[in-house]
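K.L.:
Sharing start.txt (compact mmCIF, C-alpha atoms) below.
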```
# COMPACT_ATOMS: atom_id res chain seq x y z
CA MET A 1 199.90 6.57 -6.41
CA LYS A 2 202.20 6.09 -9.39
CA VAL A 3 204.99 8.57 -10.13
CA LEU A 4 207.16 8.87 -13.22
CA VAL A 5 210.74 9.88 -12.43
CA THR A 6 212.74 10.73 -15.55
CA GLY A 7 216.51 10.58 -15.29
CA ALA A 8 216.13 7.91 -12.59
CA ALA A 9 219.72 6.69 -13.06
CA GLY A 10 221.00 10.24 -12.56
CA PHE A 11 222.23 11.86 -9.37
CA ILE A 12 219.07 13.68 -8.26
CA GLY A 13 216.72 11.21 -9.98
CA MET A 14 218.08 8.25 -8.03
CA HIS A 15 217.69 10.04 -4.71
CA VAL A 16 214.15 11.21 -5.51
CA ALA A 17 213.07 7.73 -6.60
CA ARG A 18 214.56 6.16 -3.48
CA GLN A 19 212.76 8.61 -1.20
CA LEU A 20 209.43 7.97 -2.95
CA LEU A 21 209.93 4.23 -2.61
CA MET A 22 210.63 4.64 1.11
CA MET A 23 207.24 6.40 1.26
CA HIS A 24 205.66 3.28 -0.34
CA ILE A 25 204.89 5.09 -3.59
CA GLU A 26 205.09 3.19 -6.87
CA VAL A 27 207.85 4.58 -9.10
CA VAL A 28 208.46 4.08 -12.79
CA GLY A 29 211.95 5.30 -13.61
CA ILE A 30 213.23 6.03 -17.11
CA ASP A 31 216.69 6.96 -18.36
CA ASN A 32 218.51 6.66 -21.67
CA MET A 33 221.75 5.64 -19.89
CA ASN A 34 223.91 7.82 -22.13
CA ASP A 35 227.69 7.90 -21.73
CA TYR A 36 228.09 11.59 -20.81
CA TYR A 37 229.90 10.12 -17.82
CA ASP A 38 230.76 6.57 -16.68
CA THR A 39 227.63 4.44 -17.01
CA ARG A 40 228.85 2.14 -14.24
CA LEU A 41 227.86 4.79 -11.73
CA LYS A 42 224.39 4.95 -13.29
CA ASP A 43 224.11 1.16 -13.16
CA ASP A 44 225.05 1.17 -9.49
CA ARG A 45 222.48 3.85 -8.71
CA LEU A 46 219.81 1.69 -10.34
CA LYS A 47 220.95 -1.28 -8.25
CA GLN A 48 220.13 0.76 -5.14
CA LEU A 49 216.61 1.38 -6.45
CA ARG A 50 216.00 -2.22 -7.47
CA LEU A 51 216.59 -3.30 -3.89
CA GLN A 52 213.25 -1.76 -2.95
CA PRO A 53 209.76 -2.99 -3.91
CA GLY A 54 207.59 -0.79 -6.09
CA PHE A 55 210.26 0.25 -8.59
CA ARG A 56 210.32 -0.48 -12.32
CA PHE A 57 212.95 0.77 -14.72
CA ILE A 58 212.50 1.33 -18.45
CA LYS A 59 215.43 2.30 -20.62
CA LEU A 60 213.97 5.09 -22.69
CA ASP A 61 215.05 8.32 -24.36
CA ILE A 62 212.65 11.18 -23.63
CA ALA A 63 213.36 12.53 -27.14
CA ASP A 64 211.72 9.40 -28.60
CA ARG A 65 208.22 10.72 -29.27
CA ALA A 66 206.48 7.42 -30.04
CA SER A 67 207.93 5.65 -27.01
CA MET A 68 206.97 8.53 -24.71
CA ASP A 69 203.41 8.50 -26.10
CA ASN A 70 203.17 4.79 -25.35
CA LEU A 71 204.61 5.24 -21.86
CA PHE A 72 202.05 7.83 -20.79
CA SER A 73 199.20 5.94 -22.47
CA GLU A 74 200.01 2.66 -20.73
CA GLU A 75 201.07 3.82 -17.27
CA LYS A 76 198.56 6.56 -16.32
CA PHE A 77 200.80 8.50 -13.91
CA GLN A 78 199.41 10.73 -11.16
CA TYR A 79 202.62 12.76 -10.82
CA VAL A 80 205.64 13.38 -13.04
CA ILE A 81 209.02 14.44 -11.65
CA HIS A 82 211.06 15.34 -14.70
CA LEU A 83 214.79 15.36 -14.00
CA ALA A 84 216.18 13.91 -17.24
CA ALA A 85 218.29 16.39 -19.19
CA GLN A 86 221.62 16.81 -20.85
CA ALA A 87 223.53 18.47 -18.05
CA GLY A 88 226.68 20.56 -17.99
CA VAL A 89 227.41 24.13 -19.01
CA ARG A 90 230.81 23.40 -20.51
CA TYR A 91 229.69 20.36 -22.49
CA SER A 92 227.05 22.49 -24.21
CA LEU A 93 229.81 24.52 -25.89
CA GLU A 94 230.93 21.41 -27.78
CA ASN A 95 227.71 19.42 -28.24
CA PRO A 96 224.85 21.90 -28.69
CA HIS A 97 222.52 19.60 -30.65
CA THR A 98 222.40 17.14 -27.75
CA TYR A 99 220.90 19.85 -25.54
CA ILE A 100 218.12 20.66 -27.99
CA ASP A 101 217.27 16.98 -28.46
CA SER A 102 217.09 16.19 -24.76
CA ASN A 103 216.22 19.44 -23.03
CA VAL A 104 213.80 20.94 -25.55
CA THR A 105 212.37 18.11 -27.68
CA GLY A 106 212.41 15.75 -24.71
CA PHE A 107 210.60 18.26 -22.51
CA LEU A 108 207.99 18.81 -25.21
CA ASN A 109 207.28 15.08 -25.15
CA ILE A 110 206.83 15.25 -21.37
CA LEU A 111 204.39 18.14 -21.71
CA GLU A 112 202.45 16.37 -24.45
CA GLY A 113 202.22 13.26 -22.28
CA CYS A 114 200.82 15.31 -19.40
CA ARG A 115 198.40 17.04 -21.79
CA HIS A 116 196.89 13.91 -23.30
CA HIS A 117 197.06 11.84 -20.11
CA PRO A 118 196.40 14.40 -17.35
CA VAL A 119 198.49 14.34 -14.19
CA LYS A 120 197.94 16.03 -10.84
CA HIS A 121 201.29 17.84 -10.95
CA LEU A 122 204.35 18.09 -13.20
CA ILE A 123 207.52 19.05 -11.33
CA TYR A 124 210.56 19.65 -13.52
CA ALA A 125 214.20 20.61 -13.06
CA SER A 126 215.28 24.06 -14.07
CA SER A 127 218.61 25.55 -13.01
CA SER A 128 220.26 28.53 -11.36
CA SER A 129 222.05 28.89 -14.71
CA VAL A 130 218.99 30.69 -16.09
CA TYR A 131 220.04 33.82 -14.17
CA GLY A 132 222.93 34.16 -16.61
CA ALA A 133 224.40 37.65 -16.79
CA ASN A 134 222.26 38.86 -13.88
CA THR A 135 224.47 40.02 -10.99
CA HIS A 136 221.69 41.18 -8.67
CA MET A 137 222.05 39.09 -5.51
CA PRO A 138 220.36 37.05 -4.20
CA PHE A 139 218.76 35.61 -7.33
CA SER A 140 214.99 35.93 -7.07
CA VAL A 141 212.30 34.15 -9.09
CA ASP A 142 210.96 37.65 -9.75
CA ASP A 143 214.20 38.64 -11.54
CA ASN A 144 214.44 38.93 -15.30
CA VAL A 145 216.23 35.93 -16.85
CA ASP A 146 216.50 37.08 -20.45
CA HIS A 147 220.31 36.95 -20.68
CA PRO A 148 221.54 33.34 -20.46
CA VAL A 149 225.28 32.87 -21.02
CA SER A 150 225.22 29.22 -22.13
CA LEU A 151 223.02 27.09 -24.35
CA TYR A 152 222.34 24.84 -21.35
CA ALA A 153 220.87 27.82 -19.50
CA ALA A 154 218.86 28.82 -22.57
CA THR A 155 217.29 25.35 -22.78
CA LYS A 156 216.33 25.50 -19.10
CA LYS A 157 214.67 28.87 -19.56
CA SER A 158 212.92 27.41 -22.61
CA ASN A 159 211.52 24.68 -20.35
CA GLU A 160 210.00 27.30 -18.07
CA LEU A 161 208.41 29.13 -21.00
CA MET A 162 207.08 25.92 -22.52
CA ALA A 163 205.64 24.83 -19.18
CA HIS A 164 203.82 28.14 -18.84
CA CYS A 165 202.24 27.71 -22.27
CA TYR A 166 200.91 24.27 -21.34
CA SER A 167 199.72 25.46 -17.93
CA HIS A 168 197.90 28.36 -19.60
CA LEU A 169 196.45 26.44 -22.54
CA TYR A 170 195.63 23.10 -20.95
CA GLY A 171 195.47 23.78 -17.21
CA ILE A 172 198.40 21.44 -16.40
CA PRO A 173 199.79 22.29 -12.93
CA THR A 174 203.54 22.76 -13.45
CA THR A 175 206.30 23.73 -11.04
CA GLY A 176 209.87 24.44 -12.14
CA LEU A 177 212.68 24.11 -9.61
CA ARG A 178 215.86 26.10 -10.10
CA PHE A 179 218.53 23.97 -8.45
CA PHE A 180 221.66 25.60 -7.06
CA THR A 181 224.93 23.57 -7.28
CA VAL A 182 223.74 20.25 -5.92
CA TYR A 183 226.31 17.94 -4.30
CA GLY A 184 226.40 14.83 -2.15
CA PRO A 185 226.70 11.01 -2.26
CA TRP A 186 226.19 9.42 -5.69
CA GLY A 187 226.96 12.81 -7.29
CA ARG A 188 228.02 13.51 -10.85
CA PRO A 189 231.71 12.90 -11.70
CA ASP A 190 231.88 16.12 -13.76
CA MET A 191 231.01 18.32 -10.76
CA SER A 192 233.62 20.05 -8.61
CA PRO A 193 233.28 17.93 -5.40
CA PHE A 194 233.96 14.74 -7.37
CA LEU A 195 236.76 16.30 -9.44
CA PHE A 196 238.45 17.92 -6.46
CA VAL A 197 238.31 14.91 -4.14
CA TYR A 198 239.66 12.61 -6.87
CA ALA A 199 242.53 14.94 -7.77
CA ILE A 200 243.53 15.76 -4.19
CA LEU A 201 243.64 12.10 -3.17
CA LYS A 202 245.74 11.33 -6.26
CA GLY A 203 248.09 14.26 -5.63
CA MET A 204 247.04 15.85 -8.91
CA PRO A 205 246.37 19.58 -9.46
CA ILE A 206 242.80 20.89 -9.46
CA ASN A 207 241.63 23.53 -11.92
CA VAL A 208 240.49 26.68 -10.11
CA PHE A 209 238.72 29.01 -12.53
CA ASN A 210 238.63 32.80 -12.34
CA TYR A 211 241.65 32.42 -10.05
CA GLY A 212 239.34 31.30 -7.25
CA LYS A 213 237.28 34.48 -7.22
CA MET A 214 233.93 32.70 -7.44
CA GLN A 215 231.02 31.89 -5.16
CA ARG A 216 228.48 29.10 -5.27
CA ASP A 217 225.33 28.37 -3.31
CA PHE A 218 226.23 24.73 -2.62
CA THR A 219 223.11 22.71 -1.79
CA TYR A 220 223.23 19.25 -0.24
CA ILE A 221 221.27 16.51 -1.97
CA ASP A 222 219.06 15.69 1.04
CA ASP A 223 217.80 19.27 1.07
CA ILE A 224 217.04 19.12 -2.65
CA ILE A 225 215.05 15.90 -2.19
CA GLU A 226 213.09 17.27 0.76
CA GLY A 227 212.25 20.33 -1.33
CA ILE A 228 211.02 18.23 -4.26
CA ILE A 229 208.83 16.06 -2.02
CA ARG A 230 207.32 19.14 -0.36
CA VAL A 231 206.64 20.75 -3.74
CA MET A 232 204.81 17.64 -4.93
CA ASP A 233 202.05 18.40 -2.44
CA ALA A 234 202.14 22.15 -3.08
CA ILE A 235 200.32 21.71 -6.39
CA ALA A 236 200.60 24.85 -8.51
CA GLN A 237 197.44 26.98 -8.47
CA PRO A 238 196.51 30.11 -10.44
CA ASP A 239 197.66 33.25 -8.64
CA LYS A 240 194.46 35.23 -8.03
CA ALA A 241 196.52 38.35 -7.33
CA PHE A 242 198.49 38.11 -10.58
CA ASP A 243 198.78 41.56 -12.16
CA HIS A 244 198.81 41.54 -15.97
CA THR A 245 200.05 45.14 -16.03
CA ALA A 246 203.13 44.20 -14.01
CA PRO A 247 203.62 40.42 -14.44
CA VAL A 248 206.27 38.67 -12.34
CA PRO A 249 208.13 35.65 -13.76
CA GLY A 250 207.67 33.29 -10.81
CA SER A 251 203.88 32.99 -10.86
CA SER A 252 200.90 33.33 -13.22
CA ASP A 253 197.14 33.32 -13.51
CA ALA A 254 197.74 29.80 -14.84
CA PRO A 255 198.60 26.89 -12.49
CA TYR A 256 202.32 27.59 -12.84
CA ARG A 257 205.11 28.25 -10.34
CA ILE A 258 208.89 28.65 -10.26
CA TYR A 259 210.97 28.16 -7.09
CA ASN A 260 214.65 28.42 -6.24
CA ILE A 261 216.07 25.55 -4.20
CA GLY A 262 219.42 26.62 -2.79
CA ASN A 263 221.19 26.74 0.55
CA HIS A 264 220.86 30.57 0.44
CA THR A 265 224.46 30.78 1.74
CA PRO A 266 227.00 31.48 -1.01
CA VAL A 267 230.47 30.08 -0.32
CA ASP A 268 233.78 31.33 -1.72
CA LEU A 269 235.39 28.76 -3.99
CA MET A 270 238.60 28.87 -1.95
CA THR A 271 236.59 28.16 1.22
CA PHE A 272 234.93 25.25 -0.54
CA ILE A 273 238.34 23.83 -1.48
CA GLU A 274 239.63 24.36 2.06
CA THR A 275 236.64 22.44 3.44
CA ILE A 276 237.49 19.48 1.20
CA GLU A 277 241.16 19.73 2.20
CA ASN A 278 240.24 19.65 5.89
CA THR A 279 237.95 16.67 5.40
CA LEU A 280 240.61 14.74 3.47
CA ASN A 281 243.43 16.05 5.69
CA LYS A 282 245.39 16.77 2.53
CA LYS A 283 246.23 19.98 0.68
CA ALA A 284 245.24 20.64 -2.91
CA ILE A 285 247.62 21.62 -5.68
CA LYS A 286 245.83 24.55 -7.32
CA ASN A 287 246.04 25.33 -11.02
CA LEU A 288 244.70 28.90 -11.19
CA LEU A 289 242.95 29.64 -14.49
CA PRO A 290 240.84 32.42 -16.04
CA MET A 291 237.04 32.27 -16.22
CA GLN A 292 235.58 29.72 -18.62
CA PRO A 293 233.09 30.69 -21.32
CA GLY A 294 229.49 30.19 -20.18
CA ASP A 295 230.37 30.32 -16.48
CA VAL A 296 229.21 32.87 -13.90
CA LYS A 297 231.08 34.37 -10.95
CA ALA A 298 228.46 33.84 -8.25
CA THR A 299 225.14 32.20 -7.42
CA PHE A 300 222.92 32.97 -4.42
CA ALA A 301 219.34 31.76 -4.01
CA ASP A 302 216.46 33.81 -2.66
CA ILE A 303 214.14 31.08 -1.35
CA ASP A 304 211.33 33.21 0.10
CA SER A 305 208.71 31.83 -2.29
CA LEU A 306 209.76 28.22 -1.63
CA ARG A 307 209.63 28.83 2.12
CA GLN A 308 206.17 30.37 1.89
CA ALA A 309 204.79 27.56 -0.28
CA THR A 310 206.30 24.59 1.55
CA ARG A 311 207.48 25.81 4.98
CA PHE A 312 210.85 24.32 4.10
CA GLU A 313 214.32 25.69 3.49
CA PRO A 314 217.65 23.94 2.82
CA LYS A 315 219.95 24.09 5.84
CA THR A 316 222.74 21.48 5.63
CA PRO A 317 226.09 23.17 6.47
CA LEU A 318 228.84 22.77 3.90
CA ASP A 319 231.27 20.96 6.21
CA GLU A 320 228.61 18.40 7.11
CA GLY A 321 227.63 17.84 3.48
CA ILE A 322 231.23 17.49 2.32
CA ALA A 323 231.95 15.00 5.11
CA GLN A 324 229.00 12.89 3.96
CA PHE A 325 230.15 13.05 0.33
CA VAL A 326 233.75 12.11 1.15
CA ALA A 327 232.61 9.20 3.36
CA TRP A 328 230.48 7.87 0.49
CA TYR A 329 233.31 8.40 -2.01
CA ARG A 330 235.73 6.38 0.10
CA ARG A 331 233.20 3.54 0.50
CA TYR A 332 232.20 3.49 -3.16
CA TYR A 333 235.79 3.40 -4.43
CA ASP A 334 237.01 1.21 -1.56
CA LEU A 335 239.60 3.73 -0.42
```
What is this file in structure tokens?
P.N.:
Amino acid sequence: MKVLVTGAAGFIGMHVARQLLMMHIEVVGIDNMNDYYDTRLKDDRLKQLRLQPGFRFIKLDIADRASMDNLFSEEKFQYVIHLAAQAGVRYSLENPHTYIDSNVTGFLNILEGCRHHPVKHLIYASSSSVYGANTHMPFSVDDNVDHPVSLYAATKKSNELMAHCYSHLYGIPTTGLRFFTVYGPWGRPDMSPFLFVYAILKGMPINVFNYGKMQRDFTYIDDIIEGIIRVMDAIAQPDKAFDHTAPVPGSSDAPYRIYNIGNHTPVDLMTFIETIENTLNKKAIKNLLPMQPGDVKATFADIDSLRQATRFEPKTPLDEGIAQFVAWYRRYYDL
């Protein structure tokens, strides 16, 4: 078996590739190694992957149409796990064109590759951000997601719509995974666990938006990876019970599925900060600020469909996950 993992130098991509390699599956990883955050962290993630046999890395931008055509033509993948994207809600307010290039044009190139060089299953990263202005909790894959509040969220919904078109027109089995606030070792430096641990250890204030009145469904990286691996085998099939008079967004009469992957346990932001404080044995200096544009007050995953399809559900407690992240952080930065 040969699997393409896009965004292999990224947080989730590195963990997925490593797990596949531990399962003795050949992995081709691609990444454009952009400088959205410190590329040294990306280089070090790749070093972890290169320690294992069966891994090849190609520096490649998914928005490069010709190079992506050549990649699919030469490699003949059985599975594609597409995790490459321009991430970050706040960054999309300042650099919108980057999101269209990577998240829309890049995804089109992935779909075209799977169309002309058929794969058994395309699994791709969506996001809890697609729920946007929806405040109905928990977020269900059957909910309407027509009101995104950031361009990042809009590009992720676009991915789901594009995937459905290709599943319908060309019979490509596609599964989109809406990730909920992923954290853990080798995480992204622009995410709150990284930012908070760094600032608290340095005695610097942390920015607490909406004056702390926020909730997030924090999901530990190991649970995300287990979910992805399980979904690989749960190849999307047409829903024989699909009702065209009352269509639901999460399934289709095409081989297309959408799943939430979240811890299904929303945590108050202040509780999250307190958990980090307890792990570090040091108090945070809090800079209380209003809500940022493009942000949402709460996320909460309904994972019933994921559970039914894979017999799996995320379950890592926050205190355990934070302890693992802090232990890695101290080792990585030699603290």
K.L.:
Let me make sure I understand: among A:Arg18, A:Lys2, A:Lys59, A:Arg40, which one has the smallest atom-to-atom distance to His121 of chain A if we use all atoms listed in the file?
P.N.:
A:Lys2
K.L.:
Residues within 10 Å of Val149 of chain A, please, as a ChimeraX atom specification. Count all atoms listed in the file; anything in the same chain fewer than 6 positions from it doesn't count.
P.N.:
/A:89,129-134,293-296
K.L.:
A:Ala298, A:Leu289, A:Cys165, A:Val145: which is nearest Ser252 of chain A, counting all atoms listed in the file?
P.N.:
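Counting all atoms listed in the file, the residue closest to Ser252 of chain A is A:Cys165.
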K.L.:
If I take atom CA of Leu60 of chain A and atom CA of Asp31 of chain A, how far is one from the other in Å, to one decimal?
P.N.:
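If I compute the distance from atom CA of Leu60 of chain A to atom CA of Asp31 of chain A, I get 5.4 Å.
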K.L.:
Please identify all polymer residues within 12 Å of Ile229 of chain A, counting all atoms listed in the file, omitting same-chain residues fewer than 3 positions from it, and present them as a list of chain:residue names.
P.N.:
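That gives A:Val3, A:His15, A:Val16, A:Ala17, A:Arg18, A:Gln19, A:Leu20, A:Leu21, A:Met22, A:Met23, A:Ile25, A:Tyr79, A:Val80, A:Ile81, A:His121, A:Ile123, A:Leu177, A:Asp222, A:Asp223, A:Ile224, A:Ile225, A:Glu226, A:Met232, A:Asp233, A:Ala234, A:Ile235, A:Thr310, A:Phe312.
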K.L.:
Within 12 Å of (238.3, 30.9, 2.3) (coordinates as in the file), grab all the protein and nucleic acid residues, counting all atoms listed in the file, and write them out as a VMD selection string.
P.N.:
chain A and resid 212 to 215 266 to 278
K.L.:
Go through A:Gly29, A:Pro290, A:Pro53, A:Pro173 one by one, measure the shortest atom-to-atom distance of each to Val119 of chain A using only C-alpha atoms, and give the residue with the smallest value.
P.N.:
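Answer, going by the shortest atom-to-atom distance: A:Pro173.
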K.L.:
Between atom CA of Asp319 of chain A and atom CA of Ala125 of chain A, what is the distance in Å, rounded to a tenth?
P.N.:
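If I compute the distance from atom CA of Asp319 of chain A to atom CA of Ala125 of chain A, I get 25.7 Å.
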K.L.:
Considering all atoms listed in the file, state which residue in the set A:Pro317, A:Gly227, A:Gly171, A:Pro247 is at the smallest distance from Gly184 of chain A.
P.N.:
A:Pro317
K.L.:
May I have the protein, DNA and RNA residues with an atom at most 10 Å from (223.4, 14.8, -13.2), counting only C-alpha atoms in the file's coordinates, returned as a PDB file with C-alpha atoms, in the frame of the given file?
P.N.:
```pdb
ATOM      1  CA  GLY A   7     216.510  10.580 -15.290  1.00  0.00           C
ATOM      2  CA  ALA A   9     219.720   6.690 -13.060  1.00  0.00           C
ATOM      3  CA  GLY A  10     221.000  10.240 -12.560  1.00  0.00           C
ATOM      4  CA  PHE A  11     222.230  11.860  -9.370  1.00  0.00           C
ATOM      5  CA  ILE A  12     219.070  13.680  -8.260  1.00  0.00           C
ATOM      6  CA  GLY A  13     216.720  11.210  -9.980  1.00  0.00           C
ATOM      7  CA  MET A  14     218.080   8.250  -8.030  1.00  0.00           C
ATOM      8  CA  TYR A  36     228.090  11.590 -20.810  1.00  0.00           C
ATOM      9  CA  TYR A  37     229.900  10.120 -17.820  1.00  0.00           C
ATOM     10  CA  LYS A  42     224.390   4.950 -13.290  1.00  0.00           C
ATOM     11  CA  LEU A  83     214.790  15.360 -14.000  1.00  0.00           C
ATOM     12  CA  ALA A  84     216.180  13.910 -17.240  1.00  0.00           C
ATOM     13  CA  ALA A  85     218.290  16.390 -19.190  1.00  0.00           C
ATOM     14  CA  GLN A  86     221.620  16.810 -20.850  1.00  0.00           C
ATOM     15  CA  ALA A  87     223.530  18.470 -18.050  1.00  0.00           C
ATOM     16  CA  GLY A  88     226.680  20.560 -17.990  1.00  0.00           C
ATOM     17  CA  VAL A 182     223.740  20.250  -5.920  1.00  0.00           C
ATOM     18  CA  TYR A 183     226.310  17.940  -4.300  1.00  0.00           C
ATOM     19  CA  TRP A 186     226.190   9.420  -5.690  1.00  0.00           C
ATOM     20  CA  GLY A 187     226.960  12.810  -7.290  1.00  0.00           C
ATOM     21  CA  ARG A 188     228.020  13.510 -10.850  1.00  0.00           C
ATOM     22  CA  PRO A 189     231.710  12.900 -11.700  1.00  0.00           C
ATOM     23  CA  ASP A 190     231.880  16.120 -13.760  1.00  0.00           C
ATOM     24  CA  MET A 191     231.010  18.320 -10.760  1.00  0.00           C
TER      25      MET A 191
END
```
K.L.:
List the spatial neighbours of Ser73 of chain A as a PyMOL selection string - criterion: any atom at most 9 Å away, only C-alpha atoms, same-chain residues fewer than 5 positions off excluded.
P.N.:
chain A and resi 68+113+116-117
K.L.:
Please save C-alpha atoms of the selected residues as a PDB file, keeping the file's coordinate frame.
P.N.:
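So the final result, stored in out-v5.pdb, reads:
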```pdb
ATOM      1  CA  MET A  68     206.970   8.530 -24.710  1.00  0.00           C
ATOM      2  CA  GLY A 113     202.220  13.260 -22.280  1.00  0.00           C
ATOM      3  CA  HIS A 116     196.890  13.910 -23.300  1.00  0.00           C
ATOM      4  CA  HIS A 117     197.060  11.840 -20.110  1.00  0.00           C
TER       5      HIS A 117
END
```
K.L.:
Please provide the set of residues having any atom within 7 Å of Lys156 of chain A, restricted to all atoms listed in the file, with same-chain residues fewer than 4 positions apart removed, written as a list in words.
P.N.:
Ser126, Ser127, Val130, Tyr152 and Glu160 of chain A
K.L.:
Calculate how many Å separate atom CA of Phe179 of chain A from atom CA of Asp243 of chain A, rounding to one decimal.
P.N.:
26.7 Å
K.L.:
Find the residue from A:Arg45, A:Arg178, A:Arg115, A:Lys286 that sits nearest to Gly262 of chain A; use all atoms listed in the file when measuring.
P.N.:
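Of A:Arg45, A:Arg178, A:Arg115, A:Lys286, the one nearest Gly262 of chain A, counting all atoms listed in the file, is A:Arg178.
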K.L.:
Of the candidates A:Leu151, A:Val231, A:Val27, A:Leu169, which shows the shortest atom-to-atom distance to Gln308 of chain A, using only C-alpha atoms?
P.N.:
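Under the stated criterion, the closest residue is A:Val231.
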K.L.:
Excluding Ile303 of chain A and any residue of its chain fewer than 5 positions from it, enumerate the residues within 7 Å of it, using all atoms listed in the file, and give them as a ChimeraX atom specification.
P.N.:
/A:260-261,264
K.L.:
May I have the centre and edge lengths, in Å to one decimal, of an axis-aligned box around the listed atoms of segment 118-133 of chain A with 4 Å added to every side, as JSON?
P.N.:
```
{"center_x": 210.4, "center_y": 26.0, "center_z": -14.1, "size_x": 36.0, "size_y": 31.3, "size_z": 14.5}
```
K.L.:
Generate the missing atoms of segment 266-278 of chain A up to N, CA, C and O atoms and report them as an mmCIF file, in the coordinates of the input.
P.N.:
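result12.cif, written as the output of this step:
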```cif
data_model
loop_
_atom_site.group_PDB
_atom_site.id
_atom_site.type_symbol
_atom_site.label_atom_id
_atom_site.label_comp_id
_atom_site.auth_asym_id
_atom_site.auth_seq_id
_atom_site.Cartn_x
_atom_site.Cartn_y
_atom_site.Cartn_z
ATOM 1 N N PRO A 266 225.907 31.630 -0.052
ATOM 2 C CA PRO A 266 227.000 31.480 -1.010
ATOM 3 C C PRO A 266 228.349 31.291 -0.318
ATOM 4 O O PRO A 266 228.620 31.900 0.724
ATOM 5 N N VAL A 267 229.176 30.436 -0.898
ATOM 6 C CA VAL A 267 230.470 30.080 -0.320
ATOM 7 C C VAL A 267 231.560 30.417 -1.330
ATOM 8 O O VAL A 267 231.442 30.093 -2.514
ATOM 9 N N ASP A 268 232.624 31.065 -0.860
ATOM 10 C CA ASP A 268 233.780 31.330 -1.720
ATOM 11 C C ASP A 268 234.389 30.015 -2.193
ATOM 12 O O ASP A 268 234.482 29.046 -1.414
ATOM 13 N N LEU A 269 234.812 29.980 -3.449
ATOM 14 C CA LEU A 269 235.390 28.760 -3.990
ATOM 15 C C LEU A 269 236.592 28.294 -3.178
ATOM 16 O O LEU A 269 236.758 27.092 -2.934
ATOM 17 N N MET A 270 237.424 29.244 -2.737
ATOM 18 C CA MET A 270 238.600 28.870 -1.950
ATOM 19 C C MET A 270 238.190 28.260 -0.604
ATOM 20 O O MET A 270 238.852 27.343 -0.097
ATOM 21 N N THR A 271 237.094 28.742 -0.033
ATOM 22 C CA THR A 271 236.590 28.160 1.220
ATOM 23 C C THR A 271 236.074 26.751 0.976
ATOM 24 O O THR A 271 236.269 25.848 1.799
ATOM 25 N N PHE A 272 235.415 26.568 -0.151
ATOM 26 C CA PHE A 272 234.930 25.250 -0.540
ATOM 27 C C PHE A 272 236.095 24.261 -0.661
ATOM 28 O O PHE A 272 236.041 23.136 -0.138
ATOM 29 N N ILE A 273 237.162 24.689 -1.326
ATOM 30 C CA ILE A 273 238.340 23.830 -1.480
ATOM 31 C C ILE A 273 238.975 23.538 -0.125
ATOM 32 O O ILE A 273 239.358 22.395 0.169
ATOM 33 N N GLU A 274 239.053 24.545 0.717
ATOM 34 C CA GLU A 274 239.630 24.360 2.060
ATOM 35 C C GLU A 274 238.806 23.354 2.874
ATOM 36 O O GLU A 274 239.373 22.551 3.626
ATOM 37 N N THR A 275 237.495 23.394 2.720
ATOM 38 C CA THR A 275 236.640 22.440 3.440
ATOM 39 C C THR A 275 236.936 21.016 2.996
ATOM 40 O O THR A 275 237.000 20.094 3.822
ATOM 41 N N ILE A 276 237.129 20.813 1.695
ATOM 42 C CA ILE A 276 237.490 19.480 1.200
ATOM 43 C C ILE A 276 238.869 19.080 1.716
ATOM 44 O O ILE A 276 239.075 17.930 2.138
ATOM 45 N N GLU A 277 239.808 20.010 1.682
ATOM 46 C CA GLU A 277 241.160 19.730 2.200
ATOM 47 C C GLU A 277 241.106 19.285 3.657
ATOM 48 O O GLU A 277 241.762 18.311 4.050
ATOM 49 N N ASN A 278 240.340 19.986 4.473
ATOM 50 C CA ASN A 278 240.240 19.650 5.890
ATOM 51 C C ASN A 278 239.610 18.275 6.101
ATOM 52 O O ASN A 278 240.017 17.518 6.996
#
```
